[in-house]
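Chemist: Sharing a structure, written as structure tokens. Questions coming.
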Amino acid sequence: MFSFFVSLAIVLVTVIAPDYSAFAVASGPTPGGAASAQHFNHAGVTANTVVRDGYRITLKPKAPAVGKPDPGTAQAIAYELVLARGWDEGEYSCLVALWTRESNWNTFAMNPVSGAYGIPQALPGNKMASAGADWATNPATQITWGLGYIAARYGTPCGAWEHSEQHNWY
């Protein structure tokens with residue numbers, strides 16, 4: 001009886017993915033003979049593309065989910081501004097991952113090599129003045145500017161996160 005349950009447990013662990021954010025979509029060659037793409041998405045996986053036997057497998061990054069931020073923090077400001085733009089909590093998770101990597105949410109963060117400044121690591125930092133004269137010291141101004149930059153260049157925070165995962169910059 002013990003052996004049966006151990007065998008069953010091994011089979012179930014192998015068959016059932018413990019992380020339900022992972023999914024794959026696969027299709028075979030089209031009638032014309034060309035292979036269509038396979039996509040595999042999994043949280044925390046670095047973006048990568050693999051081609052094998054005429055199939056393309058693309059791993060796309062997905063930022064880890066985060067909860068609601070503590071009130072009064074820069075992340076709380078960002079949370080409200082993200083939702084006000086009509087983006088969802090998944091987009092907020094991407095933003096948290098992106099700006100944690102870039103500046104660790106430090107309003108005064110400065111990259112010593114490039115000179116990028118603030119929470120969104122604007123280069124040059126003074127371009128954030130378009131969002132407010134207090135750009136150097138106000139996290140709300142920096143976040144407002146950063147979200148506008150992301151929307152214009154990548155569409156969404158997850159678009160910026162995916163680019164950052166692939167290129168190490170956004």
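Identifiers for the structure tokens are assigned positionally: chains receive A, B, ... in sequence, residues are indexed from 1 per chain, and ligands are indexed from 1 in the order shown.
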Would you mind listing what lies within 12 Å of range 67-78 of chain A as number ranges by chain, with only C-alpha atoms counted and same-chain residues fewer than 2 positions away left out?

Modeler: A: 64-65, 80-85, 87-100, 103-107, 118-120, 137-148, 157

Chemist: Please dump the current selection as a PDB file, in the first residue's frame; keep C-alpha atoms.

Modeler:
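Dumped everything to result-v6.pdb:
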```pdb
ATOM      1  CA  PRO A  64       6.489  37.736  -9.451  1.00  0.00           C
ATOM      2  CA  ALA A  65       3.165  38.853  -7.999  1.00  0.00           C
ATOM      3  CA  GLU A  80      -2.609  54.181  -7.265  1.00  0.00           C
ATOM      4  CA  LEU A  81      -1.160  55.713 -10.432  1.00  0.00           C
ATOM      5  CA  VAL A  82      -0.950  52.333 -12.188  1.00  0.00           C
ATOM      6  CA  LEU A  83      -4.597  51.578 -11.428  1.00  0.00           C
ATOM      7  CA  ALA A  84      -5.611  55.136 -12.441  1.00  0.00           C
ATOM      8  CA  ARG A  85      -4.128  54.446 -15.897  1.00  0.00           C
ATOM      9  CA  TRP A  87      -3.622  48.900 -15.799  1.00  0.00           C
ATOM     10  CA  ASP A  88      -4.152  45.922 -13.492  1.00  0.00           C
ATOM     11  CA  GLU A  89      -2.244  44.512 -10.529  1.00  0.00           C
ATOM     12  CA  GLY A  90      -0.199  42.322 -12.872  1.00  0.00           C
ATOM     13  CA  GLU A  91       1.183  45.471 -14.461  1.00  0.00           C
ATOM     14  CA  TYR A  92       1.930  46.822 -10.988  1.00  0.00           C
ATOM     15  CA  SER A  93       3.883  43.625 -10.219  1.00  0.00           C
ATOM     16  CA  CYS A  94       5.968  44.178 -13.345  1.00  0.00           C
ATOM     17  CA  LEU A  95       6.602  47.784 -12.315  1.00  0.00           C
ATOM     18  CA  VAL A  96       7.707  46.738  -8.832  1.00  0.00           C
ATOM     19  CA  ALA A  97      10.125  44.185 -10.272  1.00  0.00           C
ATOM     20  CA  LEU A  98      11.464  46.667 -12.822  1.00  0.00           C
ATOM     21  CA  TRP A  99      12.060  49.585 -10.467  1.00  0.00           C
ATOM     22  CA  THR A 100      13.331  47.348  -7.675  1.00  0.00           C
ATOM     23  CA  SER A 103      16.750  51.864  -8.186  1.00  0.00           C
ATOM     24  CA  ASN A 104      15.304  49.813  -5.332  1.00  0.00           C
ATOM     25  CA  TRP A 105      12.636  52.555  -5.217  1.00  0.00           C
ATOM     26  CA  ASN A 106      15.192  55.108  -4.009  1.00  0.00           C
ATOM     27  CA  THR A 107      14.164  58.643  -4.996  1.00  0.00           C
ATOM     28  CA  GLY A 118      15.672  58.549  -9.423  1.00  0.00           C
ATOM     29  CA  ILE A 119      13.178  55.749  -9.082  1.00  0.00           C
ATOM     30  CA  PRO A 120      12.707  55.243 -12.841  1.00  0.00           C
ATOM     31  CA  THR A 137      13.188  65.027  -4.582  1.00  0.00           C
ATOM     32  CA  ASN A 138       9.548  64.012  -5.083  1.00  0.00           C
ATOM     33  CA  PRO A 139       8.800  60.312  -5.670  1.00  0.00           C
ATOM     34  CA  ALA A 140       5.298  61.120  -7.012  1.00  0.00           C
ATOM     35  CA  THR A 141       6.782  63.338  -9.724  1.00  0.00           C
ATOM     36  CA  GLN A 142       9.348  60.688 -10.653  1.00  0.00           C
ATOM     37  CA  ILE A 143       6.724  57.941 -10.750  1.00  0.00           C
ATOM     38  CA  THR A 144       4.369  60.054 -12.850  1.00  0.00           C
ATOM     39  CA  TRP A 145       7.149  60.749 -15.332  1.00  0.00           C
ATOM     40  CA  GLY A 146       8.296  57.113 -15.308  1.00  0.00           C
ATOM     41  CA  LEU A 147       4.835  55.746 -16.033  1.00  0.00           C
ATOM     42  CA  GLY A 148       4.466  58.179 -18.922  1.00  0.00           C
ATOM     43  CA  PRO A 157       5.058  48.067 -17.289  1.00  0.00           C
TER      44      PRO A 157
END
```

Chemist: Smallest atom-to-atom distance to Thr156 in chain A: which of A:Asn111, A:Gly132, A:Tyr55, A:Tyr170, using only C-alpha atoms?

Modeler: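 With only C-alpha atoms as the atom set, the closest residue is A:Tyr170.
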